[in-house]
Amino acid sequence: MRIQRLFTLLLLTTISTCSTLAADHIIFRNGQEGDVKLYQITDDKVIFGYIGDKTGTRKEAPTKDVYMVYIDKQGNVYLTPDGKRITGEAKRVDPKKSDAIYLIKGAEIAADDIRVTDNSVQYTAKSKSSGLLGMVGKTDKGDGVINKSDVFMIRYKSGMIDIINPFEAVEQAPKEATKEEATAKETRLRMLIHTVKSGDTIASIAREYEVSEDDLRSWNDISSKTSSSAQLKVGRSITVYTRKAK
C-alpha cells in the first residue's frame with residue numbers, strides 16, 4: 001500500500017510539472033489533458049501532436065470527445081459535441097500556481113481553497129477577474145460559490161483531477177437535425193491553425209486560405225494599421241476560419 005501511494009504521488013508530481021503555458025493544450029471530456037501542437041480543428045475532429053513525442057505522430061480526436069483547447073497566444077476555445085467553437089478566456093490558468101474549476105457550459109476559473117459540499121463548490125479567487133460566478137467582497141481576494149451541478153471538473157495544483165459531473169451524465173440524447181440545421185452544418189467554417197513561416201504576410205495567408213485580410217486581422221487581434229505586406233513573426237499561431245480543405 002505504501003509503495004502504491006508513493007507511485008501515485010510521483011505520477012501526480014510528474015503530471016503537474018510537465019505542463020507549460022508556452023504551448024497549445026487540450027482537455028478531453030473524460031478529464032485527461034496534455035500539452036500539444038494543434039494542427040487543425042473541424043466540426044468532426046481535432047488534429048494534434050503531443051509535445052515531447054519524438055516520433056512526430058499526428059493524432060486525431062473526435063470533437064465530441066474534446067472539452068477545450070488552449071491555442072497559444074490566442075486563448076481558450078470550448079468545443080461542443082456537434083463541433084461548435086466557443087471563444088473563452090484569453091489566458092489559461094497556470095496549473096502550477098492555481099487550482100482550476102471547469103464549468104460544464106465552458107469556463108475556466110482560477111481558484112484556491114476549494115470546498116466541495118453536497119450542493120455547491122466554494123472557492124477563493126485571487127482577483128475579481130479570476131472568477132465568473134458568485135464573486136463578493138471588495139478586496140483583491142473574494143469568495144465564489146457555484147452550483148455543484150454546473151461544475152464539470154476540478155484540477156488541483158498537485159495534478160489530481162476530480163470529475164464532479166461526468167459529461168455522460170449531463171448530456172441529453174441527440175435529436176434529429178432539422179433541414180435548416182443540416183444546411184448550416186454543411187456551410188460551417190473549419191477552424192485551422194496556421195503557423196507563420198518565413199516570409200508570411202497577412203496578404204499571403206489570406207490568399208492561401210481564400211479569406212479576407214480584414215477577417216484575418218479580426219480573428220487574430222491584429223491592428224488594422226498593420227500593413228498587408230508586413231512580415232509576421234515566425235512561429236506565431238494564426239487562427240483561420242475557412243471552407244477550404246487543408
# chains A, B, ... in the order shown; residues from 1 in each chain; ligands from 1
$ residues_around --residues "Asp200 in chain A" --least-positions-apart "6" --cutoff "12 Å" --atoms "only C-alpha atoms" --output "ChimeraX atom specification"
/A:194,206-208,228-238
$ write_last_selection --atoms "C-alpha atoms" --output "compact mmCIF listing (two decimals), in the first residue's frame"
# COMPACT_ATOMS: atom_id res chain seq x y z
CA HIS A 194 -1.57 28.32 -39.37
CA ALA A 206 -5.36 35.41 -46.78
CA ARG A 207 -4.68 34.26 -50.36
CA GLU A 208 -3.62 30.79 -49.21
CA SER A 228 -0.86 43.72 -45.64
CA SER A 229 2.72 43.19 -46.79
CA ALA A 230 4.33 43.34 -43.33
CA GLN A 231 6.04 40.06 -42.46
CA LEU A 232 4.58 38.33 -39.40
CA LYS A 233 6.65 36.84 -36.58
CA VAL A 234 7.87 33.35 -37.49
CA GLY A 235 6.27 30.67 -35.31
CA ARG A 236 3.18 32.69 -34.42
CA SER A 237 -0.11 30.78 -34.45
CA ILE A 238 -2.71 32.34 -36.75
$ closest_residue --among "A:Asn76, A:Asp24, A:Lys225, A:Asn30" --to "Met153 in chain A" --atoms "only C-alpha atoms"
A:Asn30
$ closest_residue --among "A:Arg190, A:Arg85, A:Lys73, A:Ile154" --to "Ile109 in chain A" --atoms "only C-alpha atoms"
A:Ile154
$ closest_residue --among "A:Gln32, A:Thr201, A:Thr195, A:Gln74" --to "Trp219 in chain A" --atoms "only C-alpha atoms"
A:Gln74
$ residues_around --residues "Lys64 in chain A" --least-positions-apart "2" --cutoff "12 Å" --atoms "only C-alpha atoms" --output "PyMOL selection string"
chain A and resi 27-30+41-46+60-62+66-68+78-85+167-168+171+174
$ closest_residue --among "A:Ile101, A:Lys91, A:Ala125, A:Met191" --to "Tyr156 in chain A" --atoms "only C-alpha atoms"
A:Ile101
$ residues_around --residues "Gln40 in chain A" --least-positions-apart "4" --cutoff "6 Å" --atoms "only C-alpha atoms" --output "ChimeraX atom specification"
/A:46-47,192-193
